[in-house]
Each structure stands twice: as structure tokens, then as C-alpha cells.
>>> print(open('input-v6.pdb').read())   # PDB, C-alpha atoms
ATOM      1  CA  MET A 429     -29.026  32.492   3.866
ATOM      2  CA  SER A 430     -26.582  33.325   6.658
ATOM      3  CA  LEU A 431     -23.764  30.845   7.169
ATOM      4  CA  ASN A 432     -24.681  30.918  10.861
ATOM      5  CA  LEU A 433     -27.686  28.810   9.927
ATOM      6  CA  HIS A 434     -25.516  26.131   8.322
ATOM      7  CA  TRP A 435     -24.555  24.495  11.599
ATOM      8  CA  PHE A 436     -24.343  21.133   9.854
ATOM      9  CA  ILE A 437     -21.517  22.459   7.651
ATOM     10  CA  ARG A 438     -19.504  23.533  10.655
ATOM     11  CA  ALA A 439     -20.290  20.229  12.360
ATOM     12  CA  ARG A 440     -19.292  18.368   9.167
ATOM     13  CA  VAL A 441     -22.499  16.333   9.230
ATOM     14  CA  LYS A 442     -22.394  13.738   6.451
ATOM     15  CA  THR A 443     -24.886  11.276   5.041
ATOM     16  CA  ARG A 444     -23.246   8.492   7.027
ATOM     17  CA  HIS A 445     -24.120  10.361  10.257
ATOM     18  CA  LEU A 446     -27.769  10.394   9.176
ATOM     19  CA  LEU A 447     -27.655   6.714   8.204
ATOM     20  CA  LEU A 448     -26.129   5.835  11.560
ATOM     21  CA  LEU A 449     -28.835   7.731  13.462
ATOM     22  CA  ALA A 450     -31.640   6.052  11.519
ATOM     23  CA  THR A 451     -30.108   2.569  11.738
ATOM     24  CA  LEU A 452     -29.207   2.866  15.416
ATOM     25  CA  ALA A 453     -32.765   3.976  16.176
ATOM     26  CA  GLU A 454     -34.094   0.832  14.453
ATOM     27  CA  GLU A 455     -31.603  -1.619  15.953
ATOM     28  CA  GLY A 456     -30.979  -0.159  19.404
ATOM     29  CA  ASN A 457     -27.524  -1.714  19.300
ATOM     30  CA  MET A 458     -24.263  -0.202  18.037
ATOM     31  CA  HIS A 459     -22.752  -3.533  16.962
ATOM     32  CA  ARG A 460     -25.727  -4.465  14.737
ATOM     33  CA  ALA A 461     -26.004  -0.929  13.350
ATOM     34  CA  ALA A 462     -22.302  -0.943  12.439
ATOM     35  CA  GLU A 463     -22.659  -4.318  10.701
ATOM     36  CA  LEU A 464     -25.609  -3.115   8.622
ATOM     37  CA  LEU A 465     -23.643  -0.020   7.548
ATOM     38  CA  ASN A 466     -20.464  -2.029   6.816
ATOM     39  CA  LEU A 467     -18.556  -0.146   9.490
ATOM     40  CA  SER A 468     -16.413  -1.355  12.341
ATOM     41  CA  GLN A 469     -18.000  -0.779  15.744
ATOM     42  CA  PRO A 470     -15.236   1.650  16.801
ATOM     43  CA  ALA A 471     -15.758   3.660  13.593
ATOM     44  CA  ALA A 472     -19.530   3.798  14.164
ATOM     45  CA  SER A 473     -19.047   4.804  17.810
ATOM     46  CA  LYS A 474     -16.675   7.575  16.755
ATOM     47  CA  LEU A 475     -19.184   8.859  14.184
ATOM     48  CA  LEU A 476     -21.846   9.160  16.869
ATOM     49  CA  LYS A 477     -19.463  10.747  19.394
ATOM     50  CA  ASP A 478     -18.257  13.302  16.813
ATOM     51  CA  LEU A 479     -21.849  14.294  16.079
ATOM     52  CA  GLU A 480     -22.759  14.537  19.774
ATOM     53  CA  ASP A 481     -19.637  16.584  20.480
ATOM     54  CA  SER A 482     -20.405  19.005  17.649
ATOM     55  CA  LEU A 483     -23.944  19.492  19.000
ATOM     56  CA  GLY A 484     -22.977  19.478  22.640
ATOM     57  CA  LEU A 485     -25.835  17.073  23.293
ATOM     58  CA  GLU A 486     -26.205  13.402  24.120
ATOM     59  CA  LEU A 487     -28.303  11.773  21.395
ATOM     60  CA  PHE A 488     -28.344   8.210  22.758
ATOM     61  CA  GLU A 489     -28.392   6.830  26.271
ATOM     62  CA  ARG A 490     -25.867   4.025  26.652
ATOM     63  CA  LEU A 491     -27.548   1.127  28.450
ATOM     64  CA  PRO A 492     -26.106  -2.189  29.676
ATOM     65  CA  ARG A 493     -27.808  -3.938  26.755
ATOM     66  CA  GLY A 494     -28.138  -1.530  23.911
ATOM     67  CA  MET A 495     -28.791   2.138  23.279
ATOM     68  CA  LYS A 496     -31.909   4.283  23.601
ATOM     69  CA  PRO A 497     -32.478   7.703  21.962
ATOM     70  CA  THR A 498     -32.716  10.692  24.281
ATOM     71  CA  ALA A 499     -35.283  13.415  23.618
ATOM     72  CA  TYR A 500     -32.580  15.226  21.603
ATOM     73  CA  GLY A 501     -31.868  11.993  19.752
ATOM     74  CA  ASP A 502     -35.534  11.522  18.838
ATOM     75  CA  THR A 503     -35.519  14.959  17.209
ATOM     76  CA  MET A 504     -32.347  14.289  15.220
ATOM     77  CA  ILE A 505     -33.576  10.828  14.165
ATOM     78  CA  ARG A 506     -36.837  12.256  12.849
ATOM     79  CA  HIS A 507     -35.026  14.848  10.752
ATOM     80  CA  ALA A 508     -32.370  12.336   9.641
ATOM     81  CA  ARG A 509     -35.094  10.035   8.308
ATOM     82  CA  ALA A 510     -36.757  12.937   6.506
ATOM     83  CA  ALA A 511     -33.444  14.007   4.943
ATOM     84  CA  LEU A 512     -32.621  10.463   3.803
ATOM     85  CA  SER A 513     -36.116  10.054   2.377
ATOM     86  CA  SER A 514     -35.719  13.325   0.473
ATOM     87  CA  LEU A 515     -32.359  12.188  -0.930
ATOM     88  CA  ASN A 516     -33.899   8.884  -2.024
ATOM     89  CA  GLN A 517     -36.712  10.770  -3.697
ATOM     90  CA  ALA A 518     -34.217  12.988  -5.519
ATOM     91  CA  HIS A 519     -32.400   9.897  -6.783
ATOM     92  CA  GLU A 520     -35.664   8.309  -7.936
ATOM     93  CA  GLU A 521     -36.616  11.423  -9.870
ATOM     94  CA  LEU A 522     -33.188  11.588 -11.522
ATOM     95  CA  MET A 523     -33.347   7.921 -12.502
ATOM     96  CA  ALA A 524     -36.899   8.329 -13.731
ATOM     97  CA  ALA A 525     -35.739  11.131 -16.020
ATOM     98  CA  LYS A 526     -32.682   9.172 -17.128
ATOM     99  CA  LEU A 527     -34.186   5.702 -17.572
ATOM    100  CA  GLY A 528     -37.879   6.363 -18.007
ATOM    101  CA  GLN A 529     -38.635   4.546 -14.789
ATOM    102  CA  LEU A 530     -40.689   5.850 -11.880
ATOM    103  CA  GLY A 531     -38.956   4.542  -8.746
ATOM    104  CA  GLN A 532     -40.707   3.453  -5.554
ATOM    105  CA  VAL A 533     -43.937   4.417  -3.775
ATOM    106  CA  ARG A 534     -44.756   3.471  -0.170
ATOM    107  CA  ILE A 535     -48.483   3.203   0.550
ATOM    108  CA  GLY A 536     -50.144   2.726   3.926
ATOM    109  CA  SER A 537     -53.755   1.599   4.234
ATOM    110  CA  ILE A 538     -56.298   0.580   6.834
ATOM    111  CA  THR A 539     -57.752  -2.894   6.288
ATOM    112  CA  ALA A 540     -61.013  -2.296   4.391
ATOM    113  CA  PRO A 541     -59.604  -0.210   1.491
ATOM    114  CA  SER A 542     -56.594  -2.529   1.365
ATOM    115  CA  VAL A 543     -58.903  -5.272   0.061
ATOM    116  CA  ALA A 544     -61.412  -3.128  -1.873
ATOM    117  CA  LEU A 545     -59.408  -0.202  -3.291
ATOM    118  CA  LEU A 546     -55.719  -1.110  -3.384
ATOM    119  CA  PRO A 547     -55.783  -4.309  -5.514
ATOM    120  CA  PRO A 548     -57.468  -2.737  -8.588
ATOM    121  CA  THR A 549     -55.403   0.429  -8.118
ATOM    122  CA  LEU A 550     -52.072  -1.362  -7.964
ATOM    123  CA  SER A 551     -53.066  -3.624 -10.855
ATOM    124  CA  ALA A 552     -53.755  -0.558 -13.012
ATOM    125  CA  VAL A 553     -50.499   1.115 -11.952
ATOM    126  CA  LYS A 554     -48.395  -1.981 -12.646
ATOM    127  CA  GLN A 555     -50.009  -2.442 -16.042
ATOM    128  CA  ALA A 556     -49.172   1.132 -17.043
ATOM    129  CA  HIS A 557     -45.812   1.316 -15.225
ATOM    130  CA  PRO A 558     -44.365  -2.192 -14.795
ATOM    131  CA  ASP A 559     -41.043  -0.905 -13.444
ATOM    132  CA  LEU A 560     -42.601   1.026 -10.602
ATOM    133  CA  GLN A 561     -41.906  -0.588  -7.207
ATOM    134  CA  LEU A 562     -44.833  -0.552  -4.786
ATOM    135  CA  MET A 563     -44.620  -1.153  -1.053
ATOM    136  CA  VAL A 564     -47.835  -1.603   0.966
ATOM    137  CA  GLN A 565     -48.237  -1.434   4.751
ATOM    138  CA  VAL A 566     -51.604  -2.371   6.306
ATOM    139  CA  ASP A 567     -52.087  -1.069   9.853
ATOM    140  CA  PRO A 568     -54.420   1.080  11.989
ATOM    141  CA  SER A 569     -54.551   4.765  11.038
ATOM    142  CA  ASN A 570     -52.486   5.994  13.995
ATOM    143  CA  VAL A 571     -49.606   3.673  13.086
ATOM    144  CA  LEU A 572     -49.749   4.777   9.447
ATOM    145  CA  ILE A 573     -49.913   8.488  10.269
ATOM    146  CA  ASP A 574     -46.876   8.135  12.514
ATOM    147  CA  ALA A 575     -44.985   6.419   9.670
ATOM    148  CA  LEU A 576     -46.046   9.201   7.293
ATOM    149  CA  LEU A 577     -44.772  11.860   9.706
ATOM    150  CA  HIS A 578     -41.442  10.021   9.890
ATOM    151  CA  SER A 579     -41.151   9.943   6.080
ATOM    152  CA  GLN A 580     -41.567   6.168   5.991
ATOM    153  CA  LEU A 581     -44.704   6.337   3.815
ATOM    154  CA  ASP A 582     -45.686   8.528   0.865
ATOM    155  CA  ILE A 583     -49.477   8.108   0.842
ATOM    156  CA  VAL A 584     -51.882   6.897   3.529
ATOM    157  CA  VAL A 585     -55.426   5.665   2.999
ATOM    158  CA  GLY A 586     -56.828   6.122   6.491
ATOM    159  CA  ARG A 587     -58.315   8.477   9.049
ATOM    160  CA  LEU A 588     -57.143  11.575  10.851
ATOM    161  CA  SER A 589     -58.173  11.695  14.516
ATOM    162  CA  GLN A 590     -58.425  14.533  17.014
ATOM    163  CA  GLN A 591     -54.879  13.917  18.228
ATOM    164  CA  HIS A 592     -53.411  14.814  14.828
ATOM    165  CA  ASP A 593     -52.442  18.333  13.758
ATOM    166  CA  LYS A 594     -54.571  18.477  10.616
ATOM    167  CA  SER A 595     -52.667  21.496   9.305
ATOM    168  CA  ALA A 596     -49.699  19.170   8.688
ATOM    169  CA  PHE A 597     -51.611  17.063   6.146
ATOM    170  CA  ARG A 598     -53.437  17.177   2.867
ATOM    171  CA  TYR A 599     -56.638  15.180   3.357
ATOM    172  CA  GLU A 600     -59.142  14.157   0.699
ATOM    173  CA  MET A 601     -62.181  12.312   2.020
ATOM    174  CA  VAL A 602     -63.045   9.126   0.134
ATOM    175  CA  ALA A 603     -65.953   7.267   1.769
ATOM    176  CA  ASP A 604     -67.661   6.182   4.960
ATOM    177  CA  GLU A 605     -66.940   2.714   6.302
ATOM    178  CA  PRO A 606     -70.075   0.697   7.134
ATOM    179  CA  VAL A 607     -69.881  -2.256   9.510
ATOM    180  CA  CYS A 608     -71.571  -5.648   9.520
ATOM    181  CA  ALA A 609     -71.630  -8.888  11.483
ATOM    182  CA  VAL A 610     -70.233 -12.127  10.033
ATOM    183  CA  VAL A 611     -70.443 -15.800  10.979
ATOM    184  CA  ARG A 612     -69.332 -19.148   9.578
ATOM    185  CA  PRO A 613     -71.230 -20.091   6.368
ATOM    186  CA  ASP A 614     -73.410 -22.745   8.093
ATOM    187  CA  HIS A 615     -74.215 -20.736  11.219
ATOM    188  CA  PRO A 616     -77.725 -21.426  12.664
ATOM    189  CA  LEU A 617     -78.640 -17.723  12.689
ATOM    190  CA  LEU A 618     -78.524 -17.683   8.886
ATOM    191  CA  GLN A 619     -81.717 -19.765   8.942
ATOM    192  CA  SER A 620     -83.599 -17.304  11.176
ATOM    193  CA  ALA A 621     -86.654 -15.785   9.524
ATOM    194  CA  VAL A 622     -86.366 -12.641  11.656
ATOM    195  CA  LEU A 623     -83.105 -11.485  13.157
ATOM    196  CA  ASP A 624     -82.401  -8.514  15.393
ATOM    197  CA  LEU A 625     -79.386  -7.353  17.373
ATOM    198  CA  LYS A 626     -80.887  -8.385  20.732
ATOM    199  CA  THR A 627     -81.192 -11.996  19.523
ATOM    200  CA  ALA A 628     -77.688 -11.963  18.051
ATOM    201  CA  LEU A 629     -76.195 -10.667  21.305
ATOM    202  CA  ALA A 630     -77.219 -13.928  23.008
ATOM    203  CA  TYR A 631     -74.356 -15.531  21.086
ATOM    204  CA  GLY A 632     -70.704 -14.968  21.810
ATOM    205  CA  TRP A 633     -69.037 -12.218  19.756
ATOM    206  CA  ILE A 634     -65.570 -11.428  18.495
ATOM    207  CA  ILE A 635     -65.031  -7.718  19.111
ATOM    208  CA  PRO A 636     -62.102  -5.302  18.668
ATOM    209  CA  PRO A 637     -60.020  -4.170  21.649
ATOM    210  CA  ALA A 638     -61.091  -1.184  23.735
ATOM    211  CA  GLY A 639     -59.713   2.064  22.342
ATOM    212  CA  THR A 640     -60.163   1.124  18.682
ATOM    213  CA  ILE A 641     -62.547   3.129  16.506
ATOM    214  CA  LEU A 642     -64.748   0.132  15.668
ATOM    215  CA  ARG A 643     -65.077  -0.904  19.325
ATOM    216  CA  HIS A 644     -65.913   2.678  20.315
ATOM    217  CA  HIS A 645     -68.788   2.830  17.820
ATOM    218  CA  PHE A 646     -70.056  -0.620  18.786
ATOM    219  CA  ASP A 647     -70.115   0.392  22.458
ATOM    220  CA  LEU A 648     -71.995   3.590  21.561
ATOM    221  CA  LEU A 649     -74.549   1.586  19.548
ATOM    222  CA  LEU A 650     -75.241  -0.755  22.461
ATOM    223  CA  GLN A 651     -75.566   2.189  24.853
ATOM    224  CA  LYS A 652     -77.966   3.957  22.494
ATOM    225  CA  LEU A 653     -80.153   0.852  22.164
ATOM    226  CA  GLN A 654     -79.784   0.108  25.906
ATOM    227  CA  LEU A 655     -78.460  -3.359  25.169
ATOM    228  CA  PRO A 656     -75.797  -5.209  27.175
ATOM    229  CA  MET A 657     -72.415  -6.281  25.886
ATOM    230  CA  PRO A 658     -72.433  -9.857  24.538
ATOM    231  CA  ALA A 659     -72.355 -12.336  27.399
ATOM    232  CA  SER A 660     -69.327 -14.118  25.989
ATOM    233  CA  SER A 661     -66.737 -12.205  23.977
ATOM    234  CA  VAL A 662     -63.370 -12.817  22.381
ATOM    235  CA  VAL A 663     -61.375  -9.587  22.086
ATOM    236  CA  THR A 664     -58.871  -9.389  19.229
ATOM    237  CA  SER A 665     -57.795  -7.171  16.346
ATOM    238  CA  SER A 666     -56.445 -10.086  14.271
ATOM    239  CA  LEU A 667     -58.549 -10.848  11.202
ATOM    240  CA  LEU A 668     -56.643 -14.073  10.592
ATOM    241  CA  PHE A 669     -57.406 -15.331  14.089
ATOM    242  CA  SER A 670     -61.019 -14.124  13.849
ATOM    243  CA  THR A 671     -61.758 -16.013  10.630
ATOM    244  CA  LYS A 672     -60.111 -19.149  12.025
ATOM    245  CA  ILE A 673     -62.103 -19.135  15.278
ATOM    246  CA  LEU A 674     -65.341 -18.356  13.402
ATOM    247  CA  LYS A 675     -64.913 -21.542  11.393
ATOM    248  CA  GLU A 676     -64.877 -23.636  14.566
ATOM    249  CA  THR A 677     -67.530 -21.889  16.719
ATOM    250  CA  ASP A 678     -70.923 -20.171  16.674
ATOM    251  CA  LEU A 679     -69.323 -16.814  17.455
ATOM    252  CA  ILE A 680     -70.327 -13.639  15.608
ATOM    253  CA  CYS A 681     -67.657 -11.204  14.450
ATOM    254  CA  LEU A 682     -67.884  -7.440  14.013
ATOM    255  CA  MET A 683     -66.165  -6.472  10.752
ATOM    256  CA  ALA A 684     -65.893  -3.602   8.249
ATOM    257  CA  SER A 685     -68.259  -4.335   5.360
ATOM    258  CA  ASP A 686     -65.629  -4.197   2.584
ATOM    259  CA  THR A 687     -63.466  -6.688   4.481
ATOM    260  CA  ALA A 688     -66.483  -8.901   5.174
ATOM    261  CA  ARG A 689     -67.475  -8.961   1.490
ATOM    262  CA  TYR A 690     -63.944 -10.009   0.559
ATOM    263  CA  TYR A 691     -64.026 -12.967   2.955
ATOM    264  CA  ALA A 692     -67.616 -13.853   1.976
ATOM    265  CA  GLU A 693     -66.684 -13.944  -1.733
ATOM    266  CA  HIS A 694     -64.069 -16.561  -0.872
ATOM    267  CA  GLY A 695     -66.466 -18.641   1.237
ATOM    268  CA  VAL A 696     -64.667 -17.930   4.510
ATOM    269  CA  VAL A 697     -67.611 -16.194   6.230
ATOM    270  CA  ALA A 698     -71.244 -15.314   5.644
ATOM    271  CA  ILE A 699     -72.678 -11.861   6.318
ATOM    272  CA  LEU A 700     -75.594 -11.864   8.751
ATOM    273  CA  PRO A 701     -78.730 -10.062   7.482
ATOM    274  CA  LEU A 702     -78.605  -7.900  10.572
ATOM    275  CA  ASP A 703     -79.295  -4.176  10.742
ATOM    276  CA  LEU A 704     -76.158  -2.807  12.395
ATOM    277  CA  PRO A 705     -76.117   1.031  12.331
ATOM    278  CA  CYS A 706     -72.509   1.237  13.486
ATOM    279  CA  GLU A 707     -70.817   3.192  10.691
ATOM    280  CA  MET A 708     -67.289   4.433  11.305
ATOM    281  CA  GLU A 709     -65.901   7.843  10.364
ATOM    282  CA  PRO A 710     -64.905   8.423   6.727
ATOM    283  CA  PHE A 711     -61.417   7.582   5.574
ATOM    284  CA  GLY A 712     -59.447   9.417   2.915
ATOM    285  CA  PHE A 713     -56.182   9.960   1.080
ATOM    286  CA  ILE A 714     -53.562  11.580   3.334
ATOM    287  CA  THR A 715     -50.200  13.099   2.384
ATOM    288  CA  LEU A 716     -47.837  15.516   4.096
ATOM    289  CA  ARG A 717     -48.623  19.142   3.290
ATOM    290  CA  ASP A 718     -44.994  20.305   3.369
ATOM    291  CA  ALA A 719     -43.511  17.370   1.444
ATOM    292  CA  ALA A 720     -43.691  17.301  -2.349
ATOM    293  CA  LEU A 721     -44.837  13.999  -3.826
ATOM    294  CA  SER A 722     -42.459  12.293  -6.227
ATOM    295  CA  PRO A 723     -43.627  11.733  -9.835
ATOM    296  CA  ALA A 724     -44.182   8.072  -8.936
ATOM    297  CA  ALA A 725     -46.337   8.961  -5.918
ATOM    298  CA  HIS A 726     -48.382  11.328  -8.095
ATOM    299  CA  VAL A 727     -49.043   8.433 -10.494
ATOM    300  CA  VAL A 728     -50.270   6.230  -7.639
ATOM    301  CA  LEU A 729     -52.405   8.969  -6.065
ATOM    302  CA  ARG A 730     -54.111   9.735  -9.388
ATOM    303  CA  SER A 731     -54.798   6.029  -9.858
ATOM    304  CA  LEU A 732     -56.233   5.768  -6.331
ATOM    305  CA  GLN A 733     -58.546   8.684  -7.095
ATOM    306  CA  SER A 734     -59.657   7.202 -10.396
ATOM    307  CA  VAL A 735     -60.348   3.714  -9.034
ATOM    308  CA  ALA A 736     -62.154   5.149  -5.993
ATOM    309  CA  THR A 737     -64.813   6.606  -8.308
ATOM    310  CA  THR A 738     -65.617   3.027  -9.362
ATOM    311  CA  VAL A 739     -65.268   1.296  -5.997
ATOM    312  CA  TYR A 740     -67.158   3.885  -3.925
ATOM    313  CA  GLY A 741     -69.401   5.350  -6.623
ATOM    314  CA  GLU A 742     -71.283   8.588  -6.106
ATOM    315  CA  GLN A 743     -70.068   8.935  -2.509
ATOM    316  CA  TYR A 744     -66.581   9.724  -3.810
ATOM    317  CA  LYS A 745     -67.349  11.088  -7.287
ATOM    318  CA  LYS A 746     -68.902  14.215  -5.796
ATOM    319  CA  GLN A 747     -65.579  15.099  -4.224
ATOM    320  CA  TYR A 748     -63.275  13.882  -6.987
ATOM    321  CA  GLN A 749     -64.940  15.687  -9.891
TER
END
>>> encode(input="input-v6.pdb", output="C-alpha cells")
Amino acid sequence: MSLNLHWFIRARVKTRHLLLLATLAEEGNMHRAAELLNLSQPAASKLLKDLEDSLGLELFERLPRGMKPTAYGDTMIRHARAALSSLNQAHEELMAAKLGQLGQVRIGSITAPSVALLPPTLSAVKQAHPDLQLMVQVDPSNVLIDALLHSQLDIVVGRLSQQHDKSAFRYEMVADEPVCAVVRPDHPLLQSAVLDLKTALAYGWIIPPAGTILRHHFDLLLQKLQLPMPASSVVTSSLLFSTKILKETDLICLMASDTARYYAEHGVVAILPLDLPCEMEPFGFITLRDAALSPAAHVVLRSLQSVATTVYGEQYKKQYQ
């Protein structure tokens, strides 16, 4: 490779420059970033200035109260995070070879598989590899995909949407995600001999915010059946708040079936015997196409695949085998 391509050698870019970029992006404040890196503020400021001077670009906008990345800074931060993640992965692999340990795996998951798939998977992994460190982040798919692109996660259990460049990912479909309606365990509708959606809509509902996948499919279902939105609604994406308010009211909550079964098993809610054809798009295992998985991440992915054959049955087995 031509030395002309090694700009970072000429610019004398060091790991501490990358650490400063990543930390400053998180903190938005030079003083706090310097403290976290055990540097004096003048030393940290000089590091950033040296890097900006070598590039001939301003990476951070200096504001009266903090610092904000410029467009150039966003690019450098993204690549700094990827480089640091790669170095961490190299260290993990070396230590795994030296000590027989497997390092750390960062997993992101949407809510339903986080209660149905992840617990038995992580239990199996920890039993076989007790020294493996597992980090789990539960968030909507878009948040998780963004973290994956920024090398902050290794594996995502979620969905790819139209806004994502699918060529950047490896995607293995796992299962569809059915939806149901839940209420408090002594809700009057549980005593109804016949229950349909029109009757249920007379009650107040807890529904997801506009723009979410579940809300989109619920709106489409009501439009298809020519039914109105519930007369009284509480809009929230918080499951904790939803289960709390259900306990104290006659509201009905829209919920992914796997999540609902988890809460029902613990007596928090009851699932209404209501036909609700409001299935969401399938979710799957997502990794970056151009980033090699560490040995530890391979262990976790294989365990996810194996446990999915039990949790989701024939729906996933056809793809896994």
C-alpha cells in the first residue's frame, strides 16, 4: 500500500486521539472528557488541536457551554469508535487464546425476544462459558441498528427497516411477532362470553406512540375493519408504566405476545381472548457484513440460533437447518 494512504502516520494519530474523540462525543465537554482520560484539560485540548491542525479541519464546534461535533467530527468519531472496538476485539481474542477465556459480547434486542429468547440463551452460554462477559441493551430496532453501525454492539436481535442499507448487514430471519391485548387479571371483559374488537374499543386503550411499528399496524387494522380509534387512549412506549396503570384501571393494552405471556405468567396481566390480526414484521439476527465476529460473539450467535429452534419451533427451524 502506498505511504500516501497512511495519512494517520504523517499526522501521528495515536490511540489517545481516538479515545479523546470518542469520549468528547459522549460527554460534550472537554473538562469531563479530560478527567475520564486522566489528562489535564490543557493536554486534552492540545491533543484535539493537533489532530485538527493535521487534518486542516475543525472536528468540534466550541460552544459557550460545551462542544458539539461538526460534520467532519461525526465522521472521525464514527471511525474512531470502530477502530477502538476493533482493538478491543483483538485484545479479547489474544486473551482468549492465552487464558482460555472468551471476552465480552454486546447484544442488542427488541423487547419480545429479550424476554423469550435471550434468558435461555444467556443461561446456556454462561453455563458453558462462565467467564464470558455479556452486555444486553433492550431498545427499539432503529436505536440498536445505529449502535451496531457505530460498533457499540456485536449482535442485534431486531428488524431492518426501509431506511437501512441492507447490504451493510448480515440478516437471518427468526420469527414473526404476533400481537395481543392485555388487561388486569380481574378485568370485567375476561368474563364476557363473546368478545370482539368493536366491543373492546369502547374501553380506553394504552397504545404505542405514532411512528412505531406496532402503532402503524394497529392503525392499519382499524382502517381495514373501518373501526374508530379508542375513544380514550393513553399513549406510551413504557412497559413498566403500562403494567402499572393497567393494575389500577380498566384500560386495555396492546402488547407483543411474547412480552404479554411473560407478564401473564407472573400474574401481572391477563391476555384477552380477542382475535387481533395485527402481526408485526419478522425480526432476526443482525450483524455487520464487513466486521468479523469475535470468537465470543460466534459462541453467542450459535447459542441464539440453537435456542431459537426451541422457542420459535418450526417457524425458525426451516431457516436454521
>>> resolve_selection(input="input-v6.pdb", expression="the PyMOL selection byres ((chain A and resi 644-660) around 12)", output="VMD selection string")
chain A and resid 605 to 609 624 to 643 661 to 663 678 to 684 703 to 709
>>> closest_residue(input="input-v6.pdb", among="A:Thr671, A:Thr443, A:Ser542, A:Ser731", to="Pro613 in chain A", atoms="only C-alpha atoms")
A:Thr671
>>> closest_residue(input="input-v6.pdb", among="A:Val564, A:Val584, A:Val610, A:Asn466", to="Arg689 in chain A", atoms="all atoms listed in the file")
A:Val610
>>> residues_around(input="input-v6.pdb", residues="Val727 in chain A", least_positions_apart="4", cutoff="10 Å", atoms="only C-alpha atoms", output="JSON, numbers by chain")
{"A": [530, 533, 553, 556, 557, 560, 721, 722, 723, 731, 732]}
>>> atom_distance(input="input-v6.pdb", atom1="CA of Met504 in chain A", atom2="CA of Ala453 in chain A")
10.4 Å
>>> resolve_selection(input="input-v6.pdb", expression="the PyMOL selection byres ((chain A and resi 581) around 10)", output="PyMOL selection string")
chain A and resi 513+533-536+563-565+572-580+582-584+715-716
>>> write_last_selection(input="input-v6.pdb", atoms="C-alpha atoms", output="PDB file, keeping the file's coordinate frame")
ATOM      1  CA  SER A 513     -36.116  10.054   2.377  1.00  0.00           C
ATOM      2  CA  VAL A 533     -43.937   4.417  -3.775  1.00  0.00           C
ATOM      3  CA  ARG A 534     -44.756   3.471  -0.170  1.00  0.00           C
ATOM      4  CA  ILE A 535     -48.483   3.203   0.550  1.00  0.00           C
ATOM      5  CA  GLY A 536     -50.144   2.726   3.926  1.00  0.00           C
ATOM      6  CA  MET A 563     -44.620  -1.153  -1.053  1.00  0.00           C
ATOM      7  CA  VAL A 564     -47.835  -1.603   0.966  1.00  0.00           C
ATOM      8  CA  GLN A 565     -48.237  -1.434   4.751  1.00  0.00           C
ATOM      9  CA  LEU A 572     -49.749   4.777   9.447  1.00  0.00           C
ATOM     10  CA  ILE A 573     -49.913   8.488  10.269  1.00  0.00           C
ATOM     11  CA  ASP A 574     -46.876   8.135  12.514  1.00  0.00           C
ATOM     12  CA  ALA A 575     -44.985   6.419   9.670  1.00  0.00           C
ATOM     13  CA  LEU A 576     -46.046   9.201   7.293  1.00  0.00           C
ATOM     14  CA  LEU A 577     -44.772  11.860   9.706  1.00  0.00           C
ATOM     15  CA  HIS A 578     -41.442  10.021   9.890  1.00  0.00           C
ATOM     16  CA  SER A 579     -41.151   9.943   6.080  1.00  0.00           C
ATOM     17  CA  GLN A 580     -41.567   6.168   5.991  1.00  0.00           C
ATOM     18  CA  ASP A 582     -45.686   8.528   0.865  1.00  0.00           C
ATOM     19  CA  ILE A 583     -49.477   8.108   0.842  1.00  0.00           C
ATOM     20  CA  VAL A 584     -51.882   6.897   3.529  1.00  0.00           C
ATOM     21  CA  THR A 715     -50.200  13.099   2.384  1.00  0.00           C
ATOM     22  CA  LEU A 716     -47.837  15.516   4.096  1.00  0.00           C
TER      23      LEU A 716
END
>>> build_atoms(input="input-v6.pdb", residues="range 714-727 of chain A", atoms="N, CA and C atoms", output="mmCIF file, in the coordinates of the input")
data_model
loop_
_atom_site.group_PDB
_atom_site.id
_atom_site.type_symbol
_atom_site.label_atom_id
_atom_site.label_comp_id
_atom_site.auth_asym_id
_atom_site.auth_seq_id
_atom_site.Cartn_x
_atom_site.Cartn_y
_atom_site.Cartn_z
ATOM 1 N N ILE A 714 -54.310 10.667 2.465
ATOM 2 C CA ILE A 714 -53.562 11.580 3.334
ATOM 3 C C ILE A 714 -52.116 11.645 2.869
ATOM 4 N N THR A 715 -51.610 12.870 2.689
ATOM 5 C CA THR A 715 -50.200 13.099 2.384
ATOM 6 C C THR A 715 -49.716 14.262 3.236
ATOM 7 N N LEU A 716 -48.395 14.406 3.337
ATOM 8 C CA LEU A 716 -47.837 15.516 4.096
ATOM 9 C C LEU A 716 -47.957 16.816 3.312
ATOM 10 N N ARG A 717 -48.431 17.866 3.969
ATOM 11 C CA ARG A 717 -48.623 19.142 3.290
ATOM 12 C C ARG A 717 -47.305 19.763 2.852
ATOM 13 N N ASP A 718 -46.265 19.632 3.658
ATOM 14 C CA ASP A 718 -44.994 20.305 3.369
ATOM 15 C C ASP A 718 -43.999 19.429 2.624
ATOM 16 N N ALA A 719 -44.417 18.264 2.179
ATOM 17 C CA ALA A 719 -43.511 17.370 1.444
ATOM 18 C C ALA A 719 -44.061 17.147 0.034
ATOM 19 N N ALA A 720 -43.261 17.482 -0.965
ATOM 20 C CA ALA A 720 -43.691 17.301 -2.349
ATOM 21 C C ALA A 720 -43.709 15.819 -2.705
ATOM 22 N N LEU A 721 -44.766 15.379 -3.365
ATOM 23 C CA LEU A 721 -44.837 13.999 -3.826
ATOM 24 C C LEU A 721 -43.912 13.797 -5.016
ATOM 25 N N SER A 722 -43.282 12.635 -5.071
ATOM 26 C CA SER A 722 -42.459 12.293 -6.227
ATOM 27 C C SER A 722 -43.360 12.046 -7.437
ATOM 28 N N PRO A 723 -42.811 12.062 -8.660
ATOM 29 C CA PRO A 723 -43.627 11.733 -9.835
ATOM 30 C C PRO A 723 -44.311 10.375 -9.693
ATOM 31 N N ALA A 724 -43.597 9.403 -9.118
ATOM 32 C CA ALA A 724 -44.182 8.072 -8.936
ATOM 33 C C ALA A 724 -45.370 8.125 -7.985
ATOM 34 N N ALA A 725 -45.234 8.855 -6.874
ATOM 35 C CA ALA A 725 -46.337 8.961 -5.918
ATOM 36 C C ALA A 725 -47.535 9.674 -6.531
ATOM 37 N N HIS A 726 -47.281 10.661 -7.386
ATOM 38 C CA HIS A 726 -48.382 11.328 -8.095
ATOM 39 C C HIS A 726 -49.136 10.339 -8.969
ATOM 40 N N VAL A 727 -48.410 9.447 -9.649
ATOM 41 C CA VAL A 727 -49.043 8.433 -10.494
ATOM 42 C C VAL A 727 -49.964 7.558 -9.660
#
